[in-house]
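work-v1.cif (mmCIF, N, CA, C and O atoms)
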```
data_coords
loop_
_atom_site.label_atom_id
_atom_site.label_comp_id
_atom_site.auth_asym_id
_atom_site.auth_seq_id
_atom_site.Cartn_x
_atom_site.Cartn_y
_atom_site.Cartn_z
N MET A 1 0.86 -1.17 0.00
CA MET A 1 0.00 0.00 0.00
C MET A 1 0.90 1.23 0.00
O MET A 1 1.83 1.34 0.79
N LYS A 2 0.58 2.13 -0.88
CA LYS A 2 1.40 3.32 -1.03
C LYS A 2 0.92 4.40 -0.07
O LYS A 2 -0.26 4.68 0.02
N ARG A 3 1.84 4.98 0.64
CA ARG A 3 1.52 6.05 1.60
C ARG A 3 1.61 7.38 0.86
O ARG A 3 2.56 7.63 0.14
N THR A 4 0.60 8.22 1.08
CA THR A 4 0.60 9.53 0.42
C THR A 4 1.44 10.51 1.23
O THR A 4 1.78 10.27 2.38
N LYS A 5 1.72 11.60 0.59
CA LYS A 5 2.57 12.62 1.19
C LYS A 5 1.82 13.30 2.34
O LYS A 5 0.63 13.59 2.23
N PRO A 6 2.51 13.60 3.47
CA PRO A 6 1.84 14.29 4.58
C PRO A 6 1.35 15.67 4.13
O PRO A 6 1.98 16.34 3.33
N LEU A 7 0.21 16.06 4.71
CA LEU A 7 -0.40 17.32 4.31
C LEU A 7 0.38 18.51 4.88
O LEU A 7 0.64 19.47 4.17
N ALA A 8 0.73 18.46 6.16
CA ALA A 8 1.40 19.58 6.82
C ALA A 8 2.53 19.06 7.70
O ALA A 8 2.34 18.84 8.89
N PRO A 9 3.72 18.87 7.15
CA PRO A 9 4.83 18.30 7.93
C PRO A 9 5.31 19.22 9.05
O PRO A 9 6.02 18.78 9.95
N TRP A 10 4.96 20.49 9.04
CA TRP A 10 5.39 21.41 10.10
C TRP A 10 4.58 21.26 11.38
O TRP A 10 4.95 21.80 12.42
N LEU A 11 3.46 20.53 11.32
CA LEU A 11 2.66 20.33 12.53
C LEU A 11 3.40 19.45 13.51
O LEU A 11 4.18 18.58 13.12
N PRO A 12 3.16 19.63 14.80
CA PRO A 12 3.91 18.87 15.81
C PRO A 12 3.49 17.41 15.88
O PRO A 12 2.34 17.05 15.63
N GLY A 13 4.45 16.57 16.24
CA GLY A 13 4.18 15.16 16.54
C GLY A 13 3.56 14.38 15.40
O GLY A 13 3.90 14.54 14.23
N ARG A 14 2.60 13.55 15.75
CA ARG A 14 1.99 12.66 14.76
C ARG A 14 1.14 13.40 13.76
O ARG A 14 0.88 12.90 12.66
N PHE A 15 0.71 14.63 14.07
CA PHE A 15 -0.12 15.39 13.14
C PHE A 15 0.66 15.77 11.89
O PHE A 15 0.09 15.91 10.81
N GLY A 16 1.96 15.95 11.99
CA GLY A 16 2.79 16.28 10.84
C GLY A 16 2.95 15.13 9.87
O GLY A 16 3.34 15.34 8.72
N ARG A 17 2.64 13.91 10.30
CA ARG A 17 2.78 12.74 9.42
C ARG A 17 1.45 12.29 8.83
O ARG A 17 1.40 11.30 8.12
N MET A 18 0.36 13.00 9.13
CA MET A 18 -0.97 12.57 8.68
C MET A 18 -1.31 13.12 7.30
O MET A 18 -0.85 14.20 6.92
N THR A 19 -2.14 12.38 6.61
CA THR A 19 -2.66 12.83 5.32
C THR A 19 -3.90 13.68 5.55
O THR A 19 -4.36 13.83 6.69
N ARG A 20 -4.46 14.23 4.48
CA ARG A 20 -5.66 15.05 4.58
C ARG A 20 -6.80 14.28 5.23
O ARG A 20 -7.49 14.79 6.11
N GLU A 21 -7.02 13.03 4.80
CA GLU A 21 -8.13 12.23 5.34
C GLU A 21 -7.93 11.93 6.82
O GLU A 21 -8.87 11.97 7.62
N GLU A 22 -6.69 11.62 7.21
CA GLU A 22 -6.41 11.32 8.61
C GLU A 22 -6.59 12.56 9.50
O GLU A 22 -7.13 12.49 10.59
N LEU A 23 -6.14 13.71 8.99
CA LEU A 23 -6.33 14.95 9.75
C LEU A 23 -7.81 15.31 9.89
O LEU A 23 -8.25 15.74 10.94
N ASP A 24 -8.58 15.09 8.81
CA ASP A 24 -10.02 15.37 8.87
C ASP A 24 -10.71 14.45 9.87
O ASP A 24 -11.56 14.90 10.65
N ALA A 25 -10.33 13.17 9.86
CA ALA A 25 -10.93 12.22 10.80
C ALA A 25 -10.56 12.57 12.25
O ALA A 25 -11.39 12.45 13.16
N GLU A 26 -9.33 13.02 12.46
CA GLU A 26 -8.88 13.38 13.81
C GLU A 26 -9.59 14.63 14.32
O GLU A 26 -9.95 14.73 15.47
N SER A 27 -9.80 15.60 13.43
CA SER A 27 -10.43 16.85 13.86
C SER A 27 -11.95 16.76 13.96
O SER A 27 -12.57 17.64 14.56
N ASP A 28 -12.56 15.70 13.40
CA ASP A 28 -14.02 15.54 13.48
C ASP A 28 -14.50 15.40 14.93
O ASP A 28 -15.62 15.80 15.24
N GLN A 29 -13.69 14.86 15.80
CA GLN A 29 -14.12 14.70 17.20
C GLN A 29 -14.27 16.03 17.92
O GLN A 29 -14.93 16.12 18.94
N TYR A 30 -13.67 17.09 17.38
CA TYR A 30 -13.76 18.40 18.01
C TYR A 30 -14.80 19.30 17.35
O TYR A 30 -14.94 20.45 17.73
N ASP A 31 -15.52 18.78 16.36
CA ASP A 31 -16.50 19.59 15.63
C ASP A 31 -17.88 19.57 16.27
O ASP A 31 -18.83 20.06 15.68
N ALA A 32 -18.03 19.02 17.45
CA ALA A 32 -19.34 18.96 18.10
C ALA A 32 -19.78 20.36 18.52
O ALA A 32 -18.97 21.22 18.87
N GLU A 33 -21.09 20.59 18.51
CA GLU A 33 -21.65 21.87 18.91
C GLU A 33 -21.44 22.07 20.40
O GLU A 33 -21.64 21.15 21.20
N PHE A 34 -21.05 23.28 20.79
CA PHE A 34 -20.83 23.58 22.20
C PHE A 34 -21.79 24.68 22.63
O PHE A 34 -21.93 25.70 21.96
N SER A 35 -22.43 24.47 23.75
CA SER A 35 -23.31 25.48 24.30
C SER A 35 -23.06 25.56 25.80
O SER A 35 -23.11 24.56 26.50
N ALA A 36 -22.83 26.76 26.29
CA ALA A 36 -22.51 26.95 27.70
C ALA A 36 -23.75 27.30 28.51
O ALA A 36 -23.64 27.63 29.69
N THR A 37 -24.93 27.24 27.91
CA THR A 37 -26.13 27.64 28.66
C THR A 37 -26.43 26.66 29.78
O THR A 37 -26.95 27.06 30.82
N GLY A 38 -26.10 25.41 29.63
CA GLY A 38 -26.37 24.43 30.67
C GLY A 38 -25.21 24.21 31.61
O GLY A 38 -25.29 23.41 32.54
N ALA A 39 -24.11 24.94 31.40
CA ALA A 39 -22.92 24.75 32.22
C ALA A 39 -23.12 25.35 33.60
O ALA A 39 -23.81 26.34 33.78
N LYS A 40 -22.51 24.73 34.59
CA LYS A 40 -22.58 25.22 35.95
C LYS A 40 -21.68 26.44 36.11
O LYS A 40 -20.56 26.47 35.60
N ARG A 41 -22.15 27.44 36.80
CA ARG A 41 -21.36 28.64 37.04
C ARG A 41 -20.29 28.33 38.07
O ARG A 41 -20.57 27.79 39.12
N VAL A 42 -19.06 28.70 37.76
CA VAL A 42 -17.95 28.37 38.63
C VAL A 42 -17.52 29.57 39.48
O VAL A 42 -17.42 29.48 40.69
N ALA A 43 -17.27 30.70 38.86
CA ALA A 43 -16.75 31.86 39.59
C ALA A 43 -17.82 32.45 40.50
O ALA A 43 -18.98 32.59 40.11
N ASN A 44 -17.44 32.79 41.69
CA ASN A 44 -18.32 33.41 42.68
C ASN A 44 -19.56 32.57 42.96
O ASN A 44 -20.64 33.11 43.18
N ALA A 45 -19.41 31.27 42.93
CA ALA A 45 -20.55 30.41 43.22
C ALA A 45 -20.97 30.56 44.67
O ALA A 45 -22.15 30.51 44.98
N ARG A 46 -20.01 30.78 45.54
CA ARG A 46 -20.28 30.97 46.97
C ARG A 46 -19.58 32.23 47.43
O ARG A 46 -18.42 32.44 47.09
N PRO A 47 -20.22 33.08 48.19
CA PRO A 47 -19.50 34.25 48.68
C PRO A 47 -18.41 33.85 49.66
O PRO A 47 -18.50 32.81 50.32
N HIS A 48 -17.38 34.67 49.73
CA HIS A 48 -16.28 34.39 50.65
C HIS A 48 -16.81 34.49 52.08
O HIS A 48 -17.59 35.38 52.39
N PRO A 49 -16.38 33.57 52.97
CA PRO A 49 -16.93 33.57 54.33
C PRO A 49 -16.60 34.83 55.13
O PRO A 49 -17.35 35.21 56.01
N ARG A 50 -15.49 35.49 54.83
CA ARG A 50 -15.13 36.72 55.53
C ARG A 50 -15.11 37.86 54.54
O ARG A 50 -14.85 37.68 53.36
N ARG A 51 -15.34 39.06 55.05
CA ARG A 51 -15.23 40.23 54.19
C ARG A 51 -13.74 40.49 53.96
O ARG A 51 -12.95 40.46 54.89
N ARG A 52 -13.39 40.76 52.75
CA ARG A 52 -11.99 41.01 52.43
C ARG A 52 -11.68 42.49 52.49
O ARG A 52 -12.56 43.32 52.41
N GLY A 53 -10.40 42.81 52.61
CA GLY A 53 -9.95 44.19 52.61
C GLY A 53 -9.94 44.79 54.01
O GLY A 53 -10.04 44.09 55.01
N ARG A 54 -9.82 46.09 54.04
CA ARG A 54 -9.79 46.78 55.33
C ARG A 54 -11.15 46.74 55.99
O ARG A 54 -12.17 46.77 55.31
N PRO A 55 -11.19 46.70 57.30
CA PRO A 55 -12.49 46.75 57.97
C PRO A 55 -13.14 48.11 57.75
O PRO A 55 -12.45 49.13 57.69
N ALA A 56 -14.45 48.13 57.64
CA ALA A 56 -15.16 49.38 57.42
C ALA A 56 -15.13 50.23 58.68
O ALA A 56 -15.25 49.73 59.79
N LYS A 57 -14.97 51.54 58.48
CA LYS A 57 -14.97 52.46 59.61
C LYS A 57 -16.38 53.00 59.82
O LYS A 57 -17.16 53.11 58.89
N ARG A 58 -16.66 53.33 61.08
CA ARG A 58 -17.94 53.95 61.38
C ARG A 58 -17.92 55.38 60.84
O ARG A 58 -16.87 55.95 60.58
N ALA A 59 -19.11 55.97 60.69
CA ALA A 59 -19.22 57.30 60.10
C ALA A 59 -18.47 58.35 60.90
O ALA A 59 -17.89 59.29 60.33
N ASN A 60 -18.45 58.23 62.21
CA ASN A 60 -17.76 59.24 63.03
C ASN A 60 -16.25 59.04 63.05
O ASN A 60 -15.53 59.88 63.58
N GLU A 61 -15.74 57.94 62.49
CA GLU A 61 -14.29 57.69 62.47
C GLU A 61 -13.65 58.05 61.15
O GLU A 61 -12.43 58.07 61.04
N LYS A 62 -14.46 58.32 60.13
CA LYS A 62 -13.90 58.60 58.81
C LYS A 62 -13.31 60.00 58.76
O LYS A 62 -13.84 60.94 59.33
N ALA A 63 -12.19 60.13 58.08
CA ALA A 63 -11.55 61.43 57.91
C ALA A 63 -12.13 62.12 56.68
O ALA A 63 -12.50 61.47 55.71
N ALA A 64 -12.18 63.45 56.73
CA ALA A 64 -12.66 64.24 55.61
C ALA A 64 -11.48 64.96 54.98
O ALA A 64 -10.57 65.41 55.67
N ARG A 65 -11.49 65.09 53.66
CA ARG A 65 -10.45 65.84 52.97
C ARG A 65 -10.84 67.30 52.95
O ARG A 65 -12.00 67.64 52.72
N VAL A 66 -9.84 68.15 53.15
CA VAL A 66 -10.09 69.59 53.19
C VAL A 66 -9.08 70.27 52.29
O VAL A 66 -7.89 69.96 52.33
N LEU A 67 -9.55 71.20 51.47
CA LEU A 67 -8.67 71.97 50.60
C LEU A 67 -8.51 73.35 51.21
O LEU A 67 -9.49 74.06 51.43
N ILE A 68 -7.27 73.73 51.50
CA ILE A 68 -7.01 75.05 52.06
C ILE A 68 -5.97 75.77 51.21
O ILE A 68 -5.18 75.12 50.52
N THR A 69 -6.00 77.08 51.25
CA THR A 69 -5.04 77.89 50.50
C THR A 69 -4.12 78.58 51.50
O THR A 69 -4.58 79.26 52.41
N ILE A 70 -2.81 78.38 51.31
CA ILE A 70 -1.80 78.93 52.21
C ILE A 70 -0.71 79.58 51.35
O ILE A 70 -0.31 79.00 50.33
N PRO A 71 -0.21 80.75 51.75
CA PRO A 71 0.90 81.34 51.00
C PRO A 71 2.13 80.42 51.01
O PRO A 71 2.34 79.67 51.97
N PRO A 72 2.93 80.45 49.96
CA PRO A 72 4.08 79.53 49.85
C PRO A 72 5.06 79.64 51.02
O PRO A 72 5.61 78.63 51.46
N GLU A 73 5.29 80.85 51.53
CA GLU A 73 6.25 81.00 52.63
C GLU A 73 5.74 80.29 53.89
O GLU A 73 6.50 79.63 54.60
N LEU A 74 4.45 80.46 54.17
CA LEU A 74 3.85 79.81 55.34
C LEU A 74 3.86 78.29 55.18
O LEU A 74 4.11 77.55 56.13
N LEU A 75 3.61 77.82 53.95
CA LEU A 75 3.61 76.37 53.69
C LEU A 75 5.00 75.78 53.89
O LEU A 75 5.15 74.71 54.49
N SER A 76 6.03 76.47 53.40
CA SER A 76 7.39 75.93 53.59
C SER A 76 7.78 75.95 55.06
O SER A 76 8.47 75.04 55.55
N ALA A 77 7.35 76.99 55.81
CA ALA A 77 7.63 77.02 57.25
C ALA A 77 6.89 75.89 57.96
O ALA A 77 7.42 75.26 58.88
N ALA A 78 5.66 75.62 57.54
CA ALA A 78 4.88 74.53 58.14
C ALA A 78 5.52 73.18 57.83
O ALA A 78 5.59 72.31 58.70
N ASP A 79 6.00 73.00 56.60
CA ASP A 79 6.67 71.74 56.25
C ASP A 79 7.93 71.54 57.07
O ASP A 79 8.22 70.43 57.52
N ALA A 80 8.69 72.62 57.28
CA ALA A 80 9.92 72.52 58.07
C ALA A 80 9.59 72.18 59.52
O ALA A 80 10.27 71.35 60.15
N ALA A 81 8.54 72.81 60.07
CA ALA A 81 8.14 72.52 61.45
C ALA A 81 7.64 71.08 61.59
O ALA A 81 7.93 70.40 62.58
N ALA A 82 6.90 70.60 60.59
CA ALA A 82 6.40 69.23 60.63
C ALA A 82 7.56 68.24 60.57
O ALA A 82 7.58 67.24 61.31
N LYS A 83 8.53 68.51 59.71
CA LYS A 83 9.68 67.62 59.60
C LYS A 83 10.48 67.59 60.90
O LYS A 83 10.94 66.54 61.34
N LYS A 84 10.62 68.77 61.54
CA LYS A 84 11.37 68.87 62.79
C LYS A 84 10.71 68.05 63.90
O LYS A 84 11.39 67.45 64.73
N ARG A 85 9.38 68.00 63.90
CA ARG A 85 8.63 67.27 64.93
C ARG A 85 8.31 65.83 64.52
O ARG A 85 7.68 65.10 65.27
N GLY A 86 8.70 65.45 63.31
CA GLY A 86 8.44 64.08 62.85
C GLY A 86 6.98 63.86 62.47
O GLY A 86 6.47 62.75 62.60
N LEU A 87 6.32 64.90 61.97
CA LEU A 87 4.92 64.80 61.57
C LEU A 87 4.80 64.98 60.06
O LEU A 87 5.71 65.48 59.41
N THR A 88 3.65 64.61 59.55
CA THR A 88 3.33 64.94 58.17
C THR A 88 2.70 66.33 58.16
O THR A 88 2.37 66.89 59.20
N ARG A 89 2.53 66.88 56.96
CA ARG A 89 1.88 68.17 56.85
C ARG A 89 0.46 68.10 57.40
O ARG A 89 0.02 68.98 58.15
N ALA A 90 -0.25 67.05 57.06
CA ALA A 90 -1.62 66.89 57.56
C ALA A 90 -1.63 66.72 59.07
O ALA A 90 -2.52 67.24 59.76
N GLY A 91 -0.65 66.00 59.60
CA GLY A 91 -0.57 65.82 61.05
C GLY A 91 -0.32 67.13 61.78
O GLY A 91 -0.86 67.37 62.85
N LEU A 92 0.53 67.99 61.18
CA LEU A 92 0.80 69.29 61.78
C LEU A 92 -0.46 70.16 61.78
O LEU A 92 -0.79 70.79 62.79
N VAL A 93 -1.18 70.18 60.67
CA VAL A 93 -2.42 70.96 60.60
C VAL A 93 -3.44 70.41 61.58
O VAL A 93 -4.11 71.18 62.30
N ARG A 94 -3.56 69.11 61.68
CA ARG A 94 -4.50 68.50 62.63
C ARG A 94 -4.15 68.89 64.06
O ARG A 94 -5.01 69.27 64.85
N GLN A 95 -2.84 68.82 64.41
CA GLN A 95 -2.40 69.18 65.75
C GLN A 95 -2.65 70.66 66.04
O GLN A 95 -3.06 71.03 67.13
N ALA A 96 -2.45 71.52 65.04
CA ALA A 96 -2.69 72.95 65.22
C ALA A 96 -4.16 73.22 65.48
O ALA A 96 -4.52 74.04 66.34
N VAL A 97 -5.05 72.53 64.77
CA VAL A 97 -6.48 72.72 64.98
C VAL A 97 -6.88 72.23 66.37
O VAL A 97 -7.66 72.89 67.08
N VAL A 98 -6.36 71.09 66.80
CA VAL A 98 -6.68 70.56 68.12
C VAL A 98 -6.20 71.53 69.20
O VAL A 98 -6.93 71.83 70.16
N ASP A 99 -4.97 72.06 69.05
CA ASP A 99 -4.45 73.02 70.03
C ASP A 99 -5.30 74.28 70.07
O ASP A 99 -5.61 74.81 71.13
N TRP A 100 -5.66 74.79 68.90
CA TRP A 100 -6.47 76.02 68.83
C TRP A 100 -7.83 75.80 69.48
O TRP A 100 -8.31 76.65 70.23
N LEU A 101 -8.46 74.64 69.21
CA LEU A 101 -9.77 74.36 69.80
C LEU A 101 -9.66 74.21 71.32
O LEU A 101 -10.56 74.64 72.06
N SER A 102 -8.59 73.62 71.80
CA SER A 102 -8.45 73.47 73.25
C SER A 102 -8.23 74.83 73.92
O SER A 102 -8.71 75.06 75.03
N ARG A 103 -7.53 75.75 73.26
CA ARG A 103 -7.35 77.09 73.81
C ARG A 103 -8.66 77.87 73.80
O ARG A 103 -8.92 78.67 74.68
N GLN A 104 -9.50 77.62 72.82
CA GLN A 104 -10.78 78.32 72.75
C GLN A 104 -11.74 77.85 73.83
O GLN A 104 -12.61 78.59 74.27
N ALA A 105 -11.60 76.62 74.26
CA ALA A 105 -12.51 76.05 75.25
C ALA A 105 -12.20 76.57 76.65
O ALA A 105 -13.08 76.58 77.51
N ARG A 106 -10.95 76.98 76.90
CA ARG A 106 -10.59 77.49 78.23
C ARG A 106 -11.17 78.89 78.44
O ARG A 106 -11.19 79.69 77.52
N PRO A 107 -11.61 79.16 79.65
CA PRO A 107 -12.10 80.52 79.92
C PRO A 107 -10.95 81.50 79.92
O PRO A 107 -9.85 81.20 80.39
N ARG A 108 -11.19 82.68 79.37
CA ARG A 108 -10.15 83.70 79.31
C ARG A 108 -10.13 84.49 80.62
O ARG A 108 -11.15 84.68 81.25
N LYS A 109 -8.93 84.94 80.93
CA LYS A 109 -8.80 85.81 82.11
C LYS A 109 -9.24 87.22 81.71
O LYS A 109 -8.80 87.75 80.69
N SER A 110 -10.09 87.78 82.50
CA SER A 110 -10.54 89.14 82.19
C SER A 110 -9.58 90.15 82.83
O SER A 110 -9.04 89.94 83.90
N ALA A 111 -9.38 91.26 82.17
CA ALA A 111 -8.43 92.27 82.65
C ALA A 111 -9.02 93.15 83.69
O ALA A 111 -10.10 93.37 83.96
#
```
What is this structure when it is put down as structure tokens?
Amino acid sequence: MKRTKPLAPWLPGRFGRMTREELDAESDQYDAEFSATGAKRVANARPHPRRRGRPAKRANEKAARVLITIPPELLSAADAAAKKRGLTRAGLVRQAVVDWLSRQARPRKSA
């Protein structure tokens, strides 16, 4: 029996040695219709037992962002003071507001 020339010798393994008829017969098993409508859903089938990420903060614990305008000289002096005390700029402003509010709460001495 005479063997015919392989159809695509560059294909890997045994597929490179097959004829047109053999390749067609081999690929027929993959020609079945596929429908995913009856497939079981895999992702997020069950919620995770614990909440992921950072724990949620209560409303009174959340920080608010504030935009303020400060002259450049005052800002550089504030940055230098914050660095000297080991604070961030926001930490220095927060501390200044707390100090100011505590001074306002004290009764003033009358003259």
Write out as a PyMOL selection string the set of residues from segment 50-105 of chain A that DSSP, computed on the backbone, places in helix (DSSP H, G or I).
chain A and resi 59-61+72-85+89-105
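One finds atom O of Asp31 of chain A at 22.0 Å from atom N of Pro12 of chain A.
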Separation of atom CA of Arg106 of chain A and atom CA of Ala80 of chain A, in Å?
29.2 Å
Atom CA of Lys57 of chain A and atom CA of Thr88 of chain A are how many Å apart?
22.2 Å
Starting from the incomplete input, reconstruct all heavy atoms of segment 84-94 of chain A and report them as a short mmCIF file (atom, residue, chain, number, x, y, z; two decimals), keeping the file's coordinate frame.
```
data_model
loop_
_atom_site.label_atom_id
_atom_site.label_comp_id
_atom_site.auth_asym_id
_atom_site.auth_seq_id
_atom_site.Cartn_x
_atom_site.Cartn_y
_atom_site.Cartn_z
N LYS A 84 10.62 68.77 61.54
CA LYS A 84 11.37 68.87 62.79
C LYS A 84 10.71 68.05 63.90
O LYS A 84 11.39 67.45 64.73
CB LYS A 84 11.45 70.34 63.20
CG LYS A 84 12.27 70.61 64.44
CD LYS A 84 12.30 72.10 64.73
CE LYS A 84 13.06 72.38 66.00
NZ LYS A 84 13.04 73.82 66.33
N ARG A 85 9.38 68.00 63.90
CA ARG A 85 8.63 67.27 64.93
C ARG A 85 8.31 65.83 64.52
O ARG A 85 7.68 65.10 65.27
CB ARG A 85 7.34 68.02 65.23
CG ARG A 85 7.57 69.31 65.98
CD ARG A 85 6.30 70.14 66.05
NE ARG A 85 6.48 71.37 66.79
CZ ARG A 85 7.08 72.45 66.34
NH1 ARG A 85 7.62 72.44 65.13
NH2 ARG A 85 7.19 73.54 67.08
N GLY A 86 8.70 65.45 63.31
CA GLY A 86 8.44 64.08 62.85
C GLY A 86 6.98 63.86 62.47
O GLY A 86 6.47 62.75 62.60
N LEU A 87 6.32 64.90 61.97
CA LEU A 87 4.92 64.80 61.57
C LEU A 87 4.80 64.98 60.06
O LEU A 87 5.71 65.48 59.41
CB LEU A 87 4.09 65.90 62.25
CG LEU A 87 3.98 65.88 63.77
CD1 LEU A 87 3.33 67.16 64.27
CD2 LEU A 87 3.19 64.67 64.21
N THR A 88 3.65 64.61 59.55
CA THR A 88 3.33 64.94 58.17
C THR A 88 2.70 66.33 58.16
O THR A 88 2.37 66.89 59.20
CB THR A 88 2.33 63.93 57.58
OG1 THR A 88 1.12 63.99 58.33
CG2 THR A 88 2.90 62.52 57.59
N ARG A 89 2.53 66.88 56.96
CA ARG A 89 1.88 68.17 56.85
C ARG A 89 0.46 68.10 57.40
O ARG A 89 0.02 68.98 58.15
CB ARG A 89 1.85 68.60 55.39
CG ARG A 89 1.27 69.98 55.18
CD ARG A 89 1.10 70.29 53.71
NE ARG A 89 2.40 70.40 53.06
CZ ARG A 89 2.56 70.46 51.73
NH1 ARG A 89 1.51 70.39 50.94
NH2 ARG A 89 3.76 70.58 51.21
N ALA A 90 -0.25 67.05 57.06
CA ALA A 90 -1.62 66.89 57.56
C ALA A 90 -1.63 66.72 59.07
O ALA A 90 -2.52 67.24 59.76
CB ALA A 90 -2.29 65.68 56.89
N GLY A 91 -0.65 66.00 59.60
CA GLY A 91 -0.57 65.82 61.05
C GLY A 91 -0.32 67.13 61.78
O GLY A 91 -0.86 67.37 62.85
N LEU A 92 0.53 67.99 61.18
CA LEU A 92 0.80 69.29 61.78
C LEU A 92 -0.46 70.16 61.78
O LEU A 92 -0.79 70.79 62.79
CB LEU A 92 1.92 70.00 61.03
CG LEU A 92 2.31 71.36 61.59
CD1 LEU A 92 3.06 71.19 62.90
CD2 LEU A 92 3.14 72.13 60.59
N VAL A 93 -1.18 70.18 60.67
CA VAL A 93 -2.42 70.96 60.60
C VAL A 93 -3.44 70.41 61.58
O VAL A 93 -4.11 71.18 62.30
CB VAL A 93 -2.97 70.97 59.15
CG1 VAL A 93 -4.34 71.59 59.10
CG2 VAL A 93 -2.01 71.69 58.22
N ARG A 94 -3.56 69.11 61.68
CA ARG A 94 -4.50 68.50 62.63
C ARG A 94 -4.15 68.89 64.06
O ARG A 94 -5.01 69.27 64.85
CB ARG A 94 -4.46 66.98 62.47
CG ARG A 94 -5.46 66.24 63.32
CD ARG A 94 -5.39 64.71 63.15
NE ARG A 94 -5.11 64.30 61.79
CZ ARG A 94 -3.98 63.70 61.39
NH1 ARG A 94 -3.04 63.42 62.25
NH2 ARG A 94 -3.79 63.36 60.14
#
```
